[in-house]
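Below is the file start_19.csv, which contains CSV, C-alpha atoms.
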chain,number,residue,atom,x,y,z
I,1,MET,CA,42.6,-61.3,12.1
I,2,ILE,CA,43.8,-62.1,8.6
I,3,GLU,CA,47.0,-60.4,7.5
I,4,PHE,CA,47.4,-59.9,3.8
I,5,ASP,CA,50.6,-59.6,1.8
I,6,VAL,CA,49.3,-56.5,0.1
I,7,VAL,CA,46.3,-54.1,0.6
I,8,VAL,CA,45.4,-52.3,-2.6
I,9,VAL,CA,43.4,-49.1,-2.2
I,10,GLY,CA,41.3,-48.3,-5.2
I,11,ALA,CA,39.6,-50.5,-7.9
I,12,GLY,CA,40.4,-48.4,-10.9
I,13,TYR,CA,42.6,-49.9,-13.7
I,14,ALA,CA,45.8,-49.5,-11.7
I,15,GLY,CA,44.5,-51.2,-8.6
I,16,LEU,CA,42.9,-54.0,-10.5
I,17,ILE,CA,46.0,-54.7,-12.6
I,18,ALA,CA,48.2,-54.6,-9.5
I,19,ALA,CA,45.9,-56.9,-7.6
I,20,ARG,CA,45.6,-59.4,-10.5
I,21,ASN,CA,49.3,-59.5,-11.1
I,22,LEU,CA,50.1,-59.9,-7.3
I,23,ILE,CA,47.6,-62.8,-7.0
I,24,GLU,CA,49.1,-64.4,-10.1
I,25,ALA,CA,52.5,-64.1,-8.3
I,26,GLY,CA,51.1,-66.0,-5.3
I,27,LYS,CA,50.4,-63.0,-3.0
I,28,SER,CA,47.3,-62.6,-0.7
I,29,VAL,CA,45.6,-59.4,-1.7
I,30,VAL,CA,42.5,-57.4,-0.7
I,31,VAL,CA,41.2,-54.4,-2.7
I,32,LEU,CA,39.5,-51.6,-0.8
I,33,GLU,CA,37.2,-49.5,-3.0
I,34,ALA,CA,35.3,-46.6,-1.6
I,35,GLY,CA,32.7,-46.6,-4.3
I,36,SER,CA,30.3,-49.2,-5.6
I,37,ARG,CA,31.9,-50.0,-9.0
I,38,VAL,CA,35.3,-50.7,-10.6
I,39,GLY,CA,37.1,-48.7,-13.2
I,40,GLY,CA,37.6,-45.4,-11.5
I,41,ARG,CA,37.7,-42.6,-14.0
I,42,ALA,CA,37.1,-45.1,-16.8
I,43,TRP,CA,33.4,-45.3,-16.4
I,44,SER,CA,31.1,-46.6,-19.2
I,45,GLU,CA,27.4,-46.8,-19.0
I,46,ASN,CA,24.4,-46.6,-21.3
I,47,PHE,CA,23.2,-43.1,-22.0
I,48,PRO,CA,19.8,-42.8,-20.1
I,49,GLY,CA,17.0,-44.2,-22.1
I,50,THR,CA,19.2,-45.8,-24.8
I,51,ASP,CA,21.1,-49.1,-25.2
I,52,THR,CA,24.2,-47.2,-26.4
I,53,VAL,CA,27.3,-47.1,-24.1
I,54,VAL,CA,29.0,-43.7,-23.5
I,55,ASP,CA,32.2,-43.0,-21.6
I,56,TRP,CA,31.9,-40.5,-18.8
I,57,GLY,CA,35.6,-40.4,-18.2
I,58,ALA,CA,38.4,-41.9,-20.3
I,59,GLU,CA,37.3,-42.6,-23.8
I,60,TRP,CA,39.9,-42.6,-26.6
I,61,VAL,CA,42.7,-45.2,-27.2
I,62,LEU,CA,45.7,-45.0,-29.6
I,63,PRO,CA,46.3,-48.6,-30.8
I,64,GLU,CA,49.6,-47.8,-32.5
I,65,HIS,CA,51.1,-46.3,-29.3
I,66,GLN,CA,49.3,-47.9,-26.4
I,67,HIS,CA,50.7,-51.5,-26.4
I,68,ALA,CA,49.9,-52.4,-22.7
I,69,LEU,CA,46.2,-51.4,-23.2
I,70,MET,CA,46.0,-53.4,-26.4
I,71,ALA,CA,47.5,-56.4,-24.7
I,72,GLU,CA,44.8,-56.2,-22.0
I,73,ALA,CA,42.1,-55.8,-24.7
I,74,LYS,CA,43.4,-58.9,-26.4
I,75,ARG,CA,43.5,-60.9,-23.2
I,76,TYR,CA,39.9,-60.1,-22.3
I,77,GLY,CA,38.5,-60.2,-25.8
I,78,VAL,CA,37.5,-56.5,-26.1
I,79,ALA,CA,37.6,-55.3,-29.6
I,80,LEU,CA,38.2,-51.8,-31.0
I,81,ASP,CA,35.1,-49.8,-31.8
I,82,LEU,CA,36.2,-48.3,-35.1
I,83,SER,CA,34.5,-45.0,-35.9
I,84,SER,CA,33.1,-44.2,-39.3
I,85,ASP,CA,34.5,-41.3,-41.4
I,86,ALA,CA,33.3,-37.9,-40.3
I,87,PRO,CA,33.4,-34.5,-41.9
I,88,LEU,CA,36.4,-32.3,-41.5
I,89,PRO,CA,36.5,-30.9,-37.9
I,90,ARG,CA,35.2,-27.4,-37.3
I,91,TRP,CA,37.2,-24.7,-35.6
I,92,GLN,CA,35.6,-21.8,-33.8
I,93,VAL,CA,38.5,-19.4,-32.9
I,94,GLY,CA,38.8,-15.7,-32.8
I,95,GLY,CA,35.3,-15.1,-33.9
I,96,LYS,CA,35.8,-17.2,-37.0
I,97,ALA,CA,34.3,-20.6,-37.8
I,98,PHE,CA,35.8,-22.9,-40.5
I,99,ASN,CA,36.2,-26.5,-41.4
I,100,ALA,CA,39.8,-27.8,-41.9
I,101,SER,CA,42.2,-30.5,-41.0
I,102,PHE,CA,44.8,-29.5,-38.4
I,103,ALA,CA,47.5,-30.2,-41.0
I,104,ASP,CA,45.9,-27.8,-43.5
I,105,ILE,CA,45.6,-25.1,-40.8
I,106,VAL,CA,49.3,-25.4,-39.9
I,107,ALA,CA,50.3,-25.5,-43.6
I,108,SER,CA,48.6,-22.1,-44.2
I,109,ASN,CA,49.8,-20.5,-41.0
I,110,SER,CA,53.6,-19.9,-40.5
I,111,GLY,CA,53.1,-18.4,-37.1
I,112,LEU,CA,51.3,-21.5,-35.8
I,113,GLN,CA,54.0,-23.7,-37.5
I,114,SER,CA,56.7,-21.8,-35.6
I,115,ILE,CA,54.9,-22.3,-32.2
I,116,LEU,CA,54.6,-26.0,-32.8
I,117,ASN,CA,58.2,-26.4,-33.9
I,118,ARG,CA,59.4,-24.7,-30.8
I,119,LEU,CA,57.2,-26.9,-28.6
I,120,GLU,CA,58.5,-30.0,-30.3
I,121,ASN,CA,62.1,-28.8,-29.8
I,122,VAL,CA,61.6,-27.9,-26.1
I,123,ALA,CA,59.9,-31.3,-25.6
I,124,ALA,CA,63.0,-33.1,-27.1
I,125,ASP,CA,65.3,-31.1,-24.7
I,126,TYR,CA,63.1,-31.9,-21.8
I,127,ALA,CA,63.0,-35.6,-22.6
I,128,LYS,CA,66.8,-35.6,-22.5
I,129,SER,CA,67.4,-33.4,-19.4
I,130,GLY,CA,64.4,-34.0,-17.3
I,131,ILE,CA,64.7,-30.4,-16.0
I,132,GLU,CA,61.2,-28.9,-15.8
I,133,LEU,CA,60.5,-25.3,-16.8
I,134,PRO,CA,58.1,-24.2,-14.1
I,135,VAL,CA,55.8,-22.2,-16.4
I,136,THR,CA,52.2,-22.6,-17.5
I,137,LEU,CA,51.0,-23.2,-21.1
I,138,ALA,CA,49.4,-19.7,-21.0
I,139,GLU,CA,52.7,-18.1,-20.1
I,140,THR,CA,54.4,-20.0,-22.9
I,141,LEU,CA,51.9,-18.7,-25.4
I,142,ALA,CA,51.7,-15.2,-23.9
I,143,ASN,CA,53.8,-13.5,-26.7
I,144,GLU,CA,52.0,-15.2,-29.6
I,145,THR,CA,49.2,-13.7,-31.6
I,146,SER,CA,45.9,-14.2,-29.9
I,147,ASP,CA,44.5,-16.3,-32.7
I,148,ASP,CA,47.5,-18.6,-32.9
I,149,ALA,CA,47.6,-19.0,-29.1
I,150,ALA,CA,43.8,-19.8,-29.2
I,151,LEU,CA,44.4,-22.4,-31.9
I,152,VAL,CA,47.1,-24.2,-29.9
I,153,SER,CA,45.0,-24.1,-26.7
I,154,ALA,CA,41.9,-25.4,-28.6
I,155,ALA,CA,43.9,-28.2,-30.2
I,156,LEU,CA,45.5,-29.3,-26.9
I,157,PHE,CA,42.4,-29.1,-24.7
I,158,SER,CA,41.3,-32.7,-25.3
I,159,LEU,CA,44.7,-33.9,-24.0
I,160,THR,CA,45.0,-31.6,-21.0
I,161,GLY,CA,41.5,-30.9,-19.7
I,162,ALA,CA,42.7,-27.9,-17.8
I,163,ASN,CA,42.8,-24.1,-17.9
I,164,PRO,CA,46.1,-23.0,-19.7
I,165,ASP,CA,46.6,-20.6,-16.8
I,166,ASP,CA,46.9,-23.6,-14.5
I,167,LEU,CA,48.5,-26.2,-16.7
I,168,GLY,CA,52.2,-26.8,-16.5
I,169,LEU,CA,54.1,-26.7,-19.8
I,170,ALA,CA,55.7,-30.0,-18.7
I,171,MET,CA,52.5,-31.9,-19.2
I,172,VAL,CA,52.3,-30.7,-22.8
I,173,LEU,CA,55.9,-31.7,-23.3
I,174,ASN,CA,55.3,-35.1,-21.8
I,175,GLU,CA,52.4,-35.6,-24.2
I,176,ILE,CA,54.7,-35.0,-27.1
I,177,ARG,CA,57.1,-37.5,-25.7
I,178,PHE,CA,54.4,-40.1,-25.3
I,179,HIS,CA,53.5,-39.6,-29.0
I,180,GLY,CA,57.0,-40.3,-30.2
I,181,GLY,CA,58.3,-36.8,-30.1
I,182,SER,CA,55.9,-35.5,-32.8
I,183,ILE,CA,53.7,-32.5,-32.0
I,184,PHE,CA,51.5,-33.3,-35.0
I,185,GLU,CA,51.0,-36.9,-33.9
I,186,THR,CA,50.2,-35.6,-30.4
I,187,ILE,CA,47.4,-33.2,-31.6
I,188,ASP,CA,46.2,-35.3,-34.6
I,189,PRO,CA,47.1,-38.9,-34.2
I,190,ALA,CA,47.1,-41.2,-37.2
I,191,GLU,CA,44.9,-43.8,-35.5
I,192,ILE,CA,42.4,-43.2,-32.7
I,193,SER,CA,39.6,-45.4,-31.6
I,194,ARG,CA,37.3,-46.5,-28.7
I,195,LEU,CA,36.9,-49.8,-27.1
I,196,GLN,CA,33.7,-51.8,-27.7
I,197,GLY,CA,31.6,-51.6,-24.5
I,198,GLY,CA,33.5,-48.5,-23.4
I,199,THR,CA,36.8,-48.1,-21.6
I,200,GLY,CA,35.3,-49.5,-18.4
I,201,GLU,CA,34.7,-52.9,-20.1
I,202,ILE,CA,38.2,-54.3,-19.5
I,203,ALA,CA,38.1,-53.2,-15.9
I,204,LYS,CA,34.9,-55.1,-15.4
I,205,ARG,CA,36.4,-58.2,-16.9
I,206,ILE,CA,39.5,-58.0,-14.8
I,207,ALA,CA,37.4,-57.6,-11.6
I,208,ALA,CA,35.3,-60.6,-12.6
I,209,GLU,CA,38.5,-62.7,-12.9
I,210,LEU,CA,39.6,-61.9,-9.4
I,211,PRO,CA,38.8,-64.4,-6.6
I,212,GLU,CA,35.5,-63.8,-5.0
I,213,GLY,CA,35.7,-61.4,-2.1
I,214,THR,CA,39.0,-59.8,-3.3
I,215,ILE,CA,37.2,-56.4,-3.8
I,216,ARG,CA,35.5,-54.8,-0.9
I,217,PHE,CA,33.2,-52.0,-2.0
I,218,GLY,CA,32.2,-49.2,0.2
I,219,SER,CA,35.5,-49.3,2.0
I,220,ALA,CA,36.9,-45.8,2.1
I,221,VAL,CA,40.4,-45.5,3.7
I,222,ASP,CA,41.0,-42.8,6.3
I,223,MET,CA,44.5,-43.7,7.5
I,224,VAL,CA,47.6,-45.7,6.6
I,225,VAL,CA,50.2,-46.5,9.3
I,226,ASP,CA,53.6,-48.0,8.5
I,227,GLN,CA,54.9,-49.8,11.6
I,228,GLY,CA,57.9,-51.2,9.9
I,229,GLN,CA,57.2,-54.9,9.5
I,230,ARG,CA,53.4,-54.4,9.4
I,231,MET,CA,51.1,-52.0,7.8
I,232,SER,CA,47.7,-50.9,9.2
I,233,THR,CA,45.0,-49.6,6.9
I,234,LEU,CA,42.0,-48.0,8.7
I,235,GLY,CA,38.6,-46.8,7.8
I,236,GLU,CA,34.9,-47.3,8.8
I,237,PHE,CA,35.4,-50.9,7.7
I,238,GLY,CA,37.8,-51.4,10.6
I,239,HIS,CA,41.4,-52.2,10.6
I,240,ILE,CA,43.3,-54.4,8.1
I,241,THR,CA,46.9,-55.4,8.5
I,242,SER,CA,49.3,-56.3,5.7
I,243,HIS,CA,53.0,-56.2,4.7
I,244,LYS,CA,52.6,-53.6,1.9
I,245,VAL,CA,50.0,-51.1,0.7
I,246,ILE,CA,49.5,-49.9,-2.8
I,247,LEU,CA,47.5,-46.7,-3.1
I,248,ALA,CA,46.0,-46.7,-6.5
I,249,LEU,CA,44.0,-43.5,-6.2
I,250,PRO,CA,43.8,-40.1,-8.0
I,251,LEU,CA,46.2,-37.5,-6.7
I,252,ASN,CA,43.4,-35.2,-5.7
I,253,VAL,CA,41.8,-37.6,-3.2
I,254,LEU,CA,44.9,-38.5,-1.3
I,255,LYS,CA,44.4,-35.4,0.9
I,256,ASN,CA,41.6,-37.3,2.6
I,257,ILE,CA,44.0,-40.0,3.9
I,258,ALA,CA,46.3,-39.5,7.0
I,259,PHE,CA,49.7,-41.1,6.9
I,260,ALA,CA,51.9,-42.2,9.8
I,261,PRO,CA,54.8,-41.5,9.7
I,262,PRO,CA,54.0,-38.4,7.7
I,263,LEU,CA,54.9,-38.3,4.0
I,264,ALA,CA,57.9,-36.3,2.8
I,265,ALA,CA,57.3,-32.6,2.5
I,266,PRO,CA,57.4,-32.4,-1.3
I,267,ILE,CA,54.8,-35.2,-1.5
I,268,LYS,CA,52.6,-33.6,1.1
I,269,SER,CA,52.8,-30.3,-0.9
I,270,ILE,CA,51.7,-31.8,-4.2
I,271,ILE,CA,48.9,-33.8,-2.5
I,272,SER,CA,47.7,-30.5,-0.9
I,273,GLU,CA,47.9,-28.7,-4.2
I,274,GLY,CA,46.4,-31.4,-6.4
I,275,HIS,CA,46.5,-31.5,-10.2
I,276,ALA,CA,44.6,-29.0,-12.5
I,277,GLY,CA,42.2,-31.3,-14.3
I,278,ARG,CA,38.8,-29.5,-14.3
I,279,THR,CA,36.9,-31.2,-17.1
I,280,VAL,CA,33.3,-32.1,-17.0
I,281,LYS,CA,31.7,-34.3,-19.7
I,282,PHE,CA,28.2,-33.8,-21.1
I,283,TRP,CA,26.3,-36.1,-23.4
I,284,ALA,CA,23.2,-35.2,-25.4
I,285,LEU,CA,20.8,-37.2,-27.4
I,286,ALA,CA,20.1,-35.3,-30.6
I,287,GLN,CA,18.0,-35.8,-33.7
I,288,GLY,CA,18.9,-34.3,-37.1
I,289,GLU,CA,19.7,-35.0,-40.7
I,290,SER,CA,23.5,-34.5,-41.0
I,291,LEU,CA,26.6,-36.2,-39.7
I,292,LEU,CA,28.0,-33.9,-37.0
I,293,GLU,CA,31.5,-32.5,-37.0
I,294,GLU,CA,34.0,-32.6,-34.3
I,295,CYS,CA,34.4,-29.0,-33.0
I,296,PHE,CA,37.4,-27.4,-31.4
I,297,ILE,CA,36.2,-24.2,-29.8
I,298,HIS,CA,37.8,-21.2,-28.1
I,299,GLY,CA,35.5,-18.6,-26.4
I,300,HIS,CA,32.5,-20.9,-25.7
I,301,SER,CA,31.5,-22.8,-22.5
I,302,PHE,CA,32.0,-26.0,-24.5
I,303,ARG,CA,35.6,-26.3,-25.7
I,304,LEU,CA,35.4,-29.6,-27.5
I,305,THR,CA,32.4,-31.5,-29.0
I,306,TYR,CA,32.0,-34.7,-31.1
I,307,ALA,CA,29.3,-37.0,-32.0
I,308,LYS,CA,28.5,-40.7,-32.7
I,309,PRO,CA,25.5,-41.9,-34.7
I,310,ILE,CA,23.2,-44.4,-32.9
I,311,GLY,CA,20.5,-44.9,-35.6
I,312,LYS,CA,18.7,-43.1,-38.3
I,313,ASP,CA,18.9,-39.4,-37.8
I,314,HIS,CA,19.9,-39.8,-34.1
I,315,TYR,CA,23.2,-39.0,-32.5
I,316,LEU,CA,24.9,-38.9,-29.1
I,317,ILE,CA,26.9,-35.7,-28.8
I,318,CYS,CA,29.7,-35.3,-26.2
I,319,ALA,CA,30.8,-31.9,-25.0
I,320,GLN,CA,33.8,-31.2,-22.8
I,321,ALA,CA,34.2,-28.1,-20.7
I,322,LEU,CA,36.0,-26.7,-17.7
I,323,ILE,CA,33.4,-26.8,-14.9
I,324,ASP,CA,34.3,-23.2,-13.9
I,325,GLU,CA,33.2,-22.0,-17.3
I,326,VAL,CA,29.7,-23.6,-17.2
I,327,GLN,CA,27.6,-21.3,-15.1
I,328,ASP,CA,24.3,-23.0,-15.5
I,329,THR,CA,24.0,-26.8,-15.6
I,330,SER,CA,20.2,-26.9,-15.8
I,331,GLU,CA,18.6,-29.0,-18.5
I,332,ALA,CA,17.4,-26.0,-20.4
I,333,ALA,CA,20.7,-24.2,-20.3
I,334,LEU,CA,22.7,-27.3,-21.4
I,335,LYS,CA,20.3,-27.9,-24.3
I,336,ALA,CA,20.8,-24.3,-25.3
I,337,LEU,CA,24.6,-24.7,-25.3
I,338,PHE,CA,24.4,-27.8,-27.5
I,339,ALA,CA,22.1,-26.0,-29.8
I,340,GLU,CA,24.5,-23.1,-30.2
I,341,ILE,CA,27.2,-25.5,-31.5
I,342,TYR,CA,24.8,-27.7,-33.6
I,343,PRO,CA,21.9,-25.4,-34.5
I,344,GLY,CA,20.4,-28.0,-37.0
I,345,GLN,CA,19.9,-30.6,-34.3
I,346,ASN,CA,16.9,-31.2,-32.0
I,347,ILE,CA,18.5,-31.7,-28.6
I,348,LEU,CA,16.2,-34.3,-26.9
I,349,GLU,CA,18.0,-35.2,-23.6
I,350,VAL,CA,21.1,-34.2,-21.8
I,351,ALA,CA,23.2,-35.7,-19.0
I,352,MET,CA,26.5,-34.9,-17.3
I,353,HIS,CA,29.2,-36.0,-14.9
I,354,ASP,CA,31.3,-33.5,-13.0
I,355,TRP,CA,34.5,-35.2,-12.0
I,356,THR,CA,35.7,-32.2,-10.0
I,357,SER,CA,32.8,-32.7,-7.4
I,358,ASP,CA,33.0,-36.5,-7.5
I,359,PRO,CA,34.4,-37.4,-4.1
I,360,LEU,CA,36.2,-40.4,-5.6
I,361,ALA,CA,38.1,-38.2,-8.1
I,362,LEU,CA,38.0,-34.5,-7.2
I,363,GLY,CA,39.3,-33.8,-10.7
I,364,SER,CA,39.3,-35.1,-14.2
I,365,TRP,CA,42.3,-36.9,-15.8
I,366,HIS,CA,45.8,-35.8,-14.7
I,367,ALA,CA,46.8,-32.3,-15.7
I,368,GLY,CA,50.1,-31.3,-13.9
I,369,ARG,CA,50.6,-27.8,-12.5
I,370,PRO,CA,53.9,-26.0,-13.0
I,371,GLY,CA,56.7,-27.4,-10.8
I,372,GLN,CA,55.0,-30.6,-9.9
I,373,GLU,CA,57.1,-33.0,-11.9
I,374,ALA,CA,59.9,-33.5,-9.3
I,375,ALA,CA,57.3,-34.5,-6.6
I,376,LEU,CA,55.6,-36.8,-9.1
I,377,ARG,CA,58.9,-38.6,-9.8
I,378,ALA,CA,59.4,-39.0,-6.0
I,379,MET,CA,55.9,-40.5,-5.7
I,380,ARG,CA,56.7,-43.2,-8.3
I,381,GLU,CA,59.2,-44.7,-5.8
I,382,PRO,CA,58.2,-46.7,-2.7
I,383,PHE,CA,57.8,-44.7,0.5
I,384,GLY,CA,58.7,-47.4,3.0
I,385,ASN,CA,56.1,-50.1,2.5
I,386,ILE,CA,53.8,-47.8,0.5
I,387,ILE,CA,53.7,-47.2,-3.2
I,388,PHE,CA,51.5,-44.8,-5.2
I,389,CYS,CA,50.3,-45.8,-8.6
I,390,GLY,CA,47.7,-44.8,-11.2
I,391,GLY,CA,47.2,-42.6,-14.2
I,392,ASP,CA,48.3,-39.5,-12.2
I,393,PHE,CA,51.7,-41.0,-11.4
I,394,SER,CA,52.9,-43.0,-14.4
I,395,ASP,CA,56.1,-41.9,-16.0
I,396,ASN,CA,54.7,-42.9,-19.4
I,397,TRP,CA,51.3,-42.0,-20.7
I,398,SER,CA,50.2,-40.3,-17.4
I,399,GLY,CA,46.5,-39.3,-17.7
I,400,TRP,CA,45.8,-42.2,-20.1
I,401,ILE,CA,44.6,-45.7,-19.3
I,402,GLU,CA,47.9,-46.9,-20.8
I,403,GLY,CA,49.8,-45.1,-18.1
I,404,THR,CA,47.4,-46.4,-15.5
I,405,ILE,CA,48.0,-50.0,-16.6
I,406,LEU,CA,51.8,-49.5,-16.7
I,407,SER,CA,51.8,-47.9,-13.2
I,408,GLY,CA,49.7,-50.7,-11.7
I,409,ALA,CA,51.9,-53.4,-13.2
I,410,ASN,CA,55.0,-51.6,-11.9
I,411,ALA,CA,53.6,-51.4,-8.4
I,412,ALA,CA,52.8,-55.1,-8.5
I,413,GLN,CA,56.3,-56.0,-9.7
I,414,THR,CA,57.8,-53.8,-7.0
I,415,PHE,CA,55.9,-55.6,-4.2
I,416,SER,CA,56.0,-59.2,-5.7
Give the structure from the file, written as structure tokens.
Amino acid sequence: MIEFDVVVVGAGYAGLIAARNLIEAGKSVVVLEAGSRVGGRAWSENFPGTDTVVDWGAEWVLPEHQHALMAEAKRYGVALDLSSDAPLPRWQVGGKAFNASFADIVASNSGLQSILNRLENVAADYAKSGIELPVTLAETLANETSDDAALVSAALFSLTGANPDDLGLAMVLNEIRFHGGSIFETIDPAEISRLQGGTGEIAKRIAAELPEGTIRFGSAVDMVVDQGQRMSTLGEFGHITSHKVILALPLNVLKNIAFAPPLAAPIKSIISEGHAGRTVKFWALAQGESLLEECFIHGHSFRLTYAKPIGKDHYLICAQALIDEVQDTSEAALKALFAEIYPGQNILEVAMHDWTSDPLALGSWHAGRPGQEAALRAMREPFGNIIFCGGDFSDNWSGWIEGTILSGANAAQTFS
């Protein structure tokens, strides 16, 4: 039986980066992937019936901030997909619909300005102390006017992908930290883009660079046993031994793996609870005459929509929603929801991916619940010969591909 230096579980960005860096350091590595593709929650494929790539998971990148991702893009020759100018975003909040930049909305609303200033100040204090206030975003906004609270929730939804009743305030404060301490840069970044070929493209190129046979698809892990000098990783594939194990998996799927000896109680608790990310993404092929606005919505099944032109009078429109708030996902019902937001468009086709029911994710991108930060910090450190990594565990840019890359690189360095 071959014994590896390191078993990496999961072929998302974190697992691929960890495996590549370890191999470059001279380690023997095998990557066990339960699914049939690489990239994890960064999944890019053509919209059905078109030759245009859409992102079903991670989509946006911030070139000014996300240096590790930009370095990987440069290494693998993946360029930015610069978007053309679009109309001012539309806001549908409190029964009103209007077009305005976020800066203009804040400038004309002293109550909203006050909320944002307080969030920015609390974020600065949290960045210094590391002491989490175990409250939700909804609880934080409970005493604000309903329209102001709705505006903040709508503006933050694309970053959090969770119900404000479940979302820990600490996640919002961390997002502000990631964006240089500015709440305005957090909500309305100066530079935002996509990657050509989608966010999954770099993952595909990393996988293609690994030695043949490194990645074993269809290899779900059921149990990890730490025997001191030797690790055993078990599943239907059999039994693989190694010196170390890197678990590059979403937090919400770790409950499907047994550990011996058992993990520490706080870690077991957070694995059992899981994070609060509940976003499902929908894409629609539409035909119409006008360029479509980005829409921030409160009080509709779709909370965020945006579009990309793909030819004369044709668009692909993305909608994001909490799966609990979309009662009917039939084709007719989804077409009707898109038509409510964009009544001038002919909705031709619709497709969706529900990350919450995907057995390889069981949730969308990371959205921490109140009180989870201490356990997440503990999970960033090795537990015997095991280390957890991925977008759910990174100290910087958690929930983003940038954080996934940083976490995977840190795991590789730890076990090199």
(message) For a cutoff of 9 Å around the file-coordinate point (37.0, -46.3, -24.9), which residues qualify once you count only C-alpha atoms? I'd like the result as a list of chain:residue names.
(response) I:Ala42, I:Ser44, I:Val54, I:Asp55, I:Ala58, I:Glu59, I:Trp60, I:Val61, I:Leu80, I:Asp81, I:Ser193, I:Arg194, I:Leu195, I:Gln196, I:Gly197, I:Gly198, I:Thr199, I:Gly200, I:Glu201
(message) Please compute the atom CA of I:Leu62-atom CA of I:Ile187 distance, one decimal, in Å.
(response)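 Those two atoms sit 12.1 Å apart.
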(request) Figure out the distance between atom CA of I:Leu119 and atom CA of I:Ile176, please, to one decimal in Å. (result)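 Atom-to-atom, atom CA of I:Ile176 and atom CA of I:Leu119 are spaced 8.6 Å apart.
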(message) With distances taken over only C-alpha atoms, which residue among I:Ser394, I:Ala124, I:Asn99, I:Thr52 lies nearest I:Gly311?
(response)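 Nearest candidate to I:Gly311 out of I:Ser394, I:Ala124, I:Asn99, I:Thr52: I:Thr52.
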(request) Can you work out the spacing between atom CA of I:Cys318 and atom CA of I:Thr305 in Å, to one decimal? (result)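 Spanning atom CA of I:Cys318 to atom CA of I:Thr305 is a straight-line distance of 5.4 Å.
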(request) Considering only C-alpha atoms, return as a VMD selection string whatever protein or nucleic-acid residues lie within 12 Å of stretch 334-349 of chain I, sequence-local ones (same chain, fewer than 2 positions apart) excluded. (result) chain I and resid 47 to 50 90 to 92 97 281 to 307 313 to 321 326 to 332 351 to 352
(request) May I ask which of the residues I:Leu360, I:Ile192, I:Leu69, I:Val350 is the closest one to I:Ser219, counting only C-alpha atoms? (result)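 Under the stated criterion, the closest residue is I:Leu360.
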(request) Find, counting all atoms listed in the file, the residue in I:Ala138, I:Leu133, I:Ala276, I:Ala103 that gets nearest to I:Glu185. (result)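 That would be I:Ala103, the residue with the smallest distance to I:Glu185.
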(request) Select, from I:Gly235, I:Gly218, I:Gly180, I:Gly57, the residue with the minimum atom-to-atom distance to I:Asp354, counting all atoms listed in the file. (result) I:Gly57
(request) Can you work out which one of I:Val53, I:Ala367, I:Leu234, I:Val6 has the shortest atom-to-atom distance to I:Gly277, counting only C-alpha atoms? (result)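 When distances to I:Gly277 are compared using only C-alpha atoms, the smallest one comes from I:Ala367.
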Kindly assemble as a tab-separated table a list of the stretch 181-294 of chain I residues that lie within 9 Å of stretch 378-383 of chain I, each paired with its nearest atom pair and their distance in Å to one decimal, using only C-alpha atoms, sorted first by chain and then by ascending residue number.
residue	atom	partner	partner_atom	distance
I:Leu263	CA	I:Phe383	CA	7.8
I:Ala264	CA	I:Phe383	CA	8.7
I:Pro266	CA	I:Ala378	CA	8.3
I:Ile267	CA	I:Met379	CA	6.9
Written file, previous selection with C-alpha atoms, as a PDB file, keeping the file's coordinate frame:
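Produced file result11.pdb, reproduced below:
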ATOM      1  CA  LEU I 263      54.900 -38.300   4.000  1.00  0.00           C
ATOM      2  CA  ALA I 264      57.900 -36.300   2.800  1.00  0.00           C
ATOM      3  CA  PRO I 266      57.400 -32.400  -1.300  1.00  0.00           C
ATOM      4  CA  ILE I 267      54.800 -35.200  -1.500  1.00  0.00           C
TER       5      ILE I 267
END
For I:Leu137, list every protein, DNA or RNA residue within 6 Å, evaluated using all atoms listed in the file, and leave out those in the same chain fewer than 3 positions away; present the list as a short mmCIF file (atom, residue, chain, number, x, y, z; two decimals) with C-alpha atoms, in the frame of the given file.
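Once written, selection-v5.cif looks like this:
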data_model
loop_
_atom_site.label_atom_id
_atom_site.label_comp_id
_atom_site.auth_asym_id
_atom_site.auth_seq_id
_atom_site.Cartn_x
_atom_site.Cartn_y
_atom_site.Cartn_z
CA THR I 140 54.40 -20.00 -22.90
CA PRO I 164 46.10 -23.00 -19.70
CA LEU I 167 48.50 -26.20 -16.70
CA GLY I 168 52.20 -26.80 -16.50
CA LEU I 169 54.10 -26.70 -19.80
#
Using only C-alpha atoms, list the residues that have an atom at most 9 Å from (45.7, -50.8, -0.2), coordinates as in the file, as a PDB file with C-alpha atoms, in the frame of the given file.
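Output file part.pdb is given in full below:
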ATOM      1  CA  VAL I   6      49.300 -56.500   0.100  1.00  0.00           C
ATOM      2  CA  VAL I   7      46.300 -54.100   0.600  1.00  0.00           C
ATOM      3  CA  VAL I   8      45.400 -52.300  -2.600  1.00  0.00           C
ATOM      4  CA  VAL I   9      43.400 -49.100  -2.200  1.00  0.00           C
ATOM      5  CA  GLY I  10      41.300 -48.300  -5.200  1.00  0.00           C
ATOM      6  CA  GLY I  15      44.500 -51.200  -8.600  1.00  0.00           C
ATOM      7  CA  VAL I  29      45.600 -59.400  -1.700  1.00  0.00           C
ATOM      8  CA  VAL I  30      42.500 -57.400  -0.700  1.00  0.00           C
ATOM      9  CA  VAL I  31      41.200 -54.400  -2.700  1.00  0.00           C
ATOM     10  CA  LEU I  32      39.500 -51.600  -0.800  1.00  0.00           C
ATOM     11  CA  VAL I 221      40.400 -45.500   3.700  1.00  0.00           C
ATOM     12  CA  VAL I 224      47.600 -45.700   6.600  1.00  0.00           C
ATOM     13  CA  THR I 233      45.000 -49.600   6.900  1.00  0.00           C
ATOM     14  CA  SER I 242      49.300 -56.300   5.700  1.00  0.00           C
ATOM     15  CA  LYS I 244      52.600 -53.600   1.900  1.00  0.00           C
ATOM     16  CA  VAL I 245      50.000 -51.100   0.700  1.00  0.00           C
ATOM     17  CA  ILE I 246      49.500 -49.900  -2.800  1.00  0.00           C
ATOM     18  CA  LEU I 247      47.500 -46.700  -3.100  1.00  0.00           C
ATOM     19  CA  ALA I 248      46.000 -46.700  -6.500  1.00  0.00           C
ATOM     20  CA  ILE I 386      53.800 -47.800   0.500  1.00  0.00           C
TER      21      ILE I 386
END
